[in-house]
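J.: My questions all concern the structure below.
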Amino acid sequence: MHSLYSCRNSVQIDAHSAKSGGGFSSSGFEKRLVKVKVKVKVKVKVTTEAVRFQEDGSEWKWHCFRPWEAYQADLSIDLKKHHVPKTFLDKFAYWTVKSLRLPTDIFFQRRYGCRAMMLETVAAALGMVGGMLLHCKSLRRFEPSGGWIKALLEEAENERMHLMTFMEVAKPKWYERALVFAVQGVFFNAYFVAYLASPKLAHRITGYLEEEAIHSYTEFLKELDNGNIENVKAPAIAIDYWRLPADSTLRDVVMVVRADEAHHRDVNHFASDIHYQGLELKDSPAPVGYH
């Protein structure tokens, strides 16, 4: 980064000297009048060098993520894995998530593009809440987090990139944007309180939310395969973020997003299991490095 500064200062000072050359009068100090004028002109010019691909040297065109954050999703991950609720907290988390699905089904019906957009605005807040609270806890206790701060913040960033992708596919209406404000505000604060009260409950809720996300994206794929939703070309941001082939389609994007959600499901159920064993997250290394 280069900066160019040019400054021009001018200072003019006028003072009345003592009346009789000595600087002192018979009545004491002679009052002096001092006038100072400062004029500063600053001109700044900032230029940045373009970030380039590591592979082919082409210029990087995205500001929302960098080349080293791009990755290839693991499509071999088990999509059918389900944590069977056994304890009271597990059942509470499970049925809480199931109850949230009903109004979502009624509002969005089969508009899976808009449904995905709404889902990601909520999901991206959960990892941020967990990572933020663990960060503050690590600072208060002067102890490491076992990599869980990074893992949860990576999850939040990954969900945000899902949103950036589906914004290219589904153009939300004004009332859907307003709904995002309301839902995110309520859910963020509710999840914040839940995490403070019981981290194992909070992570279990996230795990079940990710299971519902997998189901939603599976239905999305069915609609694409049946021709009810046009299988358009994949957005350019998705091709670069997931390192997809240049001829990839929306179906390919939904596949990698669904794989991401399955990974988040496993991470959060694992985090909840750690708490159920009476341990803290720092006692078990976080699964960092998926991306």
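Chain identifiers are assigned as A, B, and so on, following the order in which chains appear in the structure tokens; residues are numbered from 1 within each chain, and ligands are numbered from 1 in order of appearance.
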DSSP on the backbone: which residues in region 70-274 of chain A end up as helix (DSSP H, G or I)? Give the answer as JSON, numbers by chain.
T.: {"A": [88, 89, 90, 91, 92, 93, 94, 95, 96, 97, 98, 99, 100, 101, 102, 103, 104, 105, 106, 107, 108, 112, 113, 114, 115, 116, 117, 118, 119, 120, 121, 122, 123, 124, 125, 126, 127, 128, 129, 130, 131, 132, 133, 134, 135, 136, 137, 138, 139, 140, 141, 148, 149, 150, 151, 152, 153, 154, 155, 156, 157, 158, 159, 160, 161, 162, 163, 164, 165, 166, 174, 175, 176, 177, 178, 179, 180, 181, 182, 183, 184, 185, 186, 187, 188, 189, 190, 191, 192, 193, 194, 195, 196, 197, 199, 200, 201, 202, 203, 204, 205, 206, 207, 208, 209, 210, 211, 212, 213, 214, 215, 216, 217, 218, 219, 220, 221, 222, 223, 224, 225, 236, 237, 238, 239, 240, 241, 250, 251, 252, 253, 254, 255, 256, 257, 258, 259, 260, 261, 262, 263, 264, 265, 266, 267, 268, 269, 270, 271, 272, 273, 274]}
J.: Keeping only C-alpha atoms, write those residues as a compact mmCIF listing (two decimals), in the first residue's frame.
T.:
# COMPACT_ATOMS: atom_id res chain seq x y z
CA PHE A 88 -34.87 -33.98 28.16
CA LEU A 89 -32.63 -31.24 26.72
CA ASP A 90 -32.16 -33.21 23.50
CA LYS A 91 -35.90 -33.62 23.09
CA PHE A 92 -36.46 -29.96 23.91
CA ALA A 93 -33.92 -28.94 21.26
CA TYR A 94 -35.37 -31.37 18.69
CA TRP A 95 -38.99 -30.27 19.07
CA THR A 96 -38.02 -26.60 19.24
CA VAL A 97 -36.41 -26.91 15.82
CA LYS A 98 -39.35 -28.95 14.47
CA SER A 99 -41.78 -26.26 15.64
CA LEU A 100 -39.76 -23.59 13.81
CA ARG A 101 -40.05 -25.55 10.57
CA LEU A 102 -43.86 -25.24 10.40
CA PRO A 103 -44.09 -21.45 9.89
CA THR A 104 -41.17 -21.64 7.47
CA ASP A 105 -42.99 -24.24 5.34
CA ILE A 106 -46.14 -22.12 5.36
CA PHE A 107 -44.39 -18.87 4.43
CA PHE A 108 -41.95 -20.07 1.76
CA TYR A 112 -36.42 -22.98 -1.98
CA GLY A 113 -34.15 -20.19 -3.16
CA CYS A 114 -35.76 -17.67 -0.79
CA ARG A 115 -36.02 -20.35 1.88
CA ALA A 116 -32.27 -20.97 1.66
CA MET A 117 -31.60 -17.25 1.90
CA MET A 118 -33.65 -16.94 5.10
CA LEU A 119 -32.11 -20.10 6.56
CA GLU A 120 -28.57 -18.81 6.04
CA THR A 121 -29.25 -15.42 7.67
CA VAL A 122 -30.15 -17.31 10.86
CA ALA A 123 -27.53 -20.07 10.62
CA ALA A 124 -24.70 -17.58 10.13
CA ALA A 125 -25.48 -15.98 13.49
CA LEU A 126 -25.18 -19.17 15.55
CA GLY A 127 -21.49 -19.83 15.05
CA MET A 128 -20.77 -16.15 15.62
CA VAL A 129 -22.56 -16.21 18.99
CA GLY A 130 -20.73 -19.35 20.12
CA GLY A 131 -17.35 -18.13 18.89
CA MET A 132 -17.82 -14.70 20.47
CA LEU A 133 -18.77 -16.11 23.87
CA LEU A 134 -15.90 -18.61 23.81
CA HIS A 135 -13.55 -15.79 22.83
CA CYS A 136 -14.63 -13.70 25.82
CA LYS A 137 -14.39 -16.74 28.10
CA SER A 138 -10.86 -17.46 26.89
CA LEU A 139 -9.86 -13.88 27.66
CA ARG A 140 -11.42 -13.90 31.12
CA ARG A 141 -9.82 -17.18 32.14
CA TRP A 148 -13.14 -23.99 19.02
CA ILE A 149 -13.21 -20.22 18.56
CA LYS A 150 -11.75 -20.60 15.08
CA ALA A 151 -13.99 -23.56 14.27
CA LEU A 152 -17.20 -21.73 15.16
CA LEU A 153 -16.20 -18.49 13.47
CA GLU A 154 -15.28 -20.44 10.34
CA GLU A 155 -18.74 -21.98 10.49
CA ALA A 156 -20.34 -18.54 10.71
CA GLU A 157 -18.27 -17.27 7.78
CA ASN A 158 -19.12 -20.33 5.71
CA GLU A 159 -22.84 -19.80 6.33
CA ARG A 160 -22.45 -16.15 5.35
CA MET A 161 -20.91 -17.21 2.05
CA HIS A 162 -23.93 -19.47 1.49
CA LEU A 163 -26.05 -16.34 1.81
CA MET A 164 -23.85 -14.36 -0.58
CA THR A 165 -24.29 -17.17 -3.10
CA PHE A 166 -28.06 -17.49 -2.86
CA TRP A 174 -38.84 -6.03 0.49
CA TYR A 175 -41.03 -7.88 2.99
CA GLU A 176 -38.63 -10.83 2.97
CA ARG A 177 -35.77 -8.48 3.80
CA ALA A 178 -37.89 -7.04 6.63
CA LEU A 179 -38.55 -10.55 7.87
CA VAL A 180 -34.80 -11.18 8.00
CA PHE A 181 -34.41 -8.23 10.38
CA ALA A 182 -37.09 -9.55 12.69
CA VAL A 183 -36.08 -13.22 12.64
CA GLN A 184 -32.36 -12.57 13.01
CA GLY A 185 -32.91 -10.11 15.86
CA VAL A 186 -35.10 -12.51 17.82
CA PHE A 187 -33.05 -15.61 17.09
CA PHE A 188 -29.66 -14.02 17.79
CA ASN A 189 -30.69 -12.81 21.23
CA ALA A 190 -32.56 -16.00 22.11
CA TYR A 191 -29.58 -18.12 21.11
CA PHE A 192 -27.23 -15.80 23.04
CA VAL A 193 -29.23 -16.38 26.22
CA ALA A 194 -29.49 -20.12 25.54
CA TYR A 195 -25.72 -20.43 25.06
CA LEU A 196 -25.05 -18.61 28.32
CA ALA A 197 -27.53 -20.85 30.15
CA PRO A 199 -23.96 -24.54 25.81
CA LYS A 200 -24.87 -28.21 25.33
CA LEU A 201 -28.47 -27.21 24.59
CA ALA A 202 -27.36 -24.44 22.23
CA HIS A 203 -25.07 -26.71 20.22
CA ARG A 204 -27.74 -29.42 20.11
CA ILE A 205 -30.23 -26.91 18.72
CA THR A 206 -27.71 -25.95 16.03
CA GLY A 207 -27.10 -29.61 15.24
CA TYR A 208 -30.81 -30.20 14.67
CA LEU A 209 -31.11 -26.99 12.65
CA GLU A 210 -28.38 -28.29 10.36
CA GLU A 211 -30.26 -31.57 10.00
CA GLU A 212 -33.29 -29.58 8.86
CA ALA A 213 -31.05 -27.63 6.48
CA ILE A 214 -29.90 -30.90 4.91
CA HIS A 215 -33.54 -31.91 4.46
CA SER A 216 -34.40 -28.54 2.87
CA TYR A 217 -31.53 -28.73 0.41
CA THR A 218 -32.45 -32.32 -0.47
CA GLU A 219 -35.95 -31.10 -1.35
CA PHE A 220 -34.34 -28.27 -3.32
CA LEU A 221 -32.42 -30.85 -5.36
CA LYS A 222 -35.61 -32.82 -6.03
CA GLU A 223 -37.27 -29.71 -7.42
CA LEU A 224 -34.28 -29.10 -9.66
CA ASP A 225 -34.24 -32.70 -10.88
CA ALA A 236 -19.44 -16.93 -10.36
CA ILE A 237 -18.89 -16.39 -6.64
CA ALA A 238 -19.85 -20.03 -5.96
CA ILE A 239 -17.49 -21.34 -8.64
CA ASP A 240 -14.56 -19.51 -7.07
CA TYR A 241 -15.48 -20.17 -3.43
CA LEU A 250 -27.16 -24.45 -9.50
CA ARG A 251 -27.52 -28.14 -8.71
CA ASP A 252 -23.77 -28.41 -8.10
CA VAL A 253 -23.96 -25.42 -5.75
CA VAL A 254 -26.81 -26.95 -3.73
CA MET A 255 -24.79 -30.18 -3.46
CA VAL A 256 -21.76 -28.49 -1.90
CA VAL A 257 -23.88 -26.31 0.37
CA ARG A 258 -25.68 -29.40 1.65
CA ALA A 259 -22.31 -31.05 2.35
CA ASP A 260 -21.27 -27.96 4.34
CA GLU A 261 -24.44 -28.21 6.43
CA ALA A 262 -23.71 -31.87 7.17
CA HIS A 263 -20.27 -30.89 8.42
CA HIS A 264 -21.76 -28.21 10.67
CA ARG A 265 -24.26 -30.78 11.97
CA ASP A 266 -21.46 -33.12 13.03
CA VAL A 267 -19.38 -30.34 14.62
CA ASN A 268 -22.25 -29.05 16.76
CA HIS A 269 -23.51 -32.45 17.88
CA PHE A 270 -19.90 -33.26 18.80
CA ALA A 271 -19.65 -30.03 20.81
CA SER A 272 -22.87 -30.84 22.65
CA ASP A 273 -21.63 -34.38 23.41
CA ILE A 274 -18.46 -32.94 24.98
J.: As a list in words, please: every residue in region 38-199 of chain A that DSSP puts in strand (DSSP E or B).
T.: Lys45, Val46, Thr47, Arg52 and Glu59 of chain A
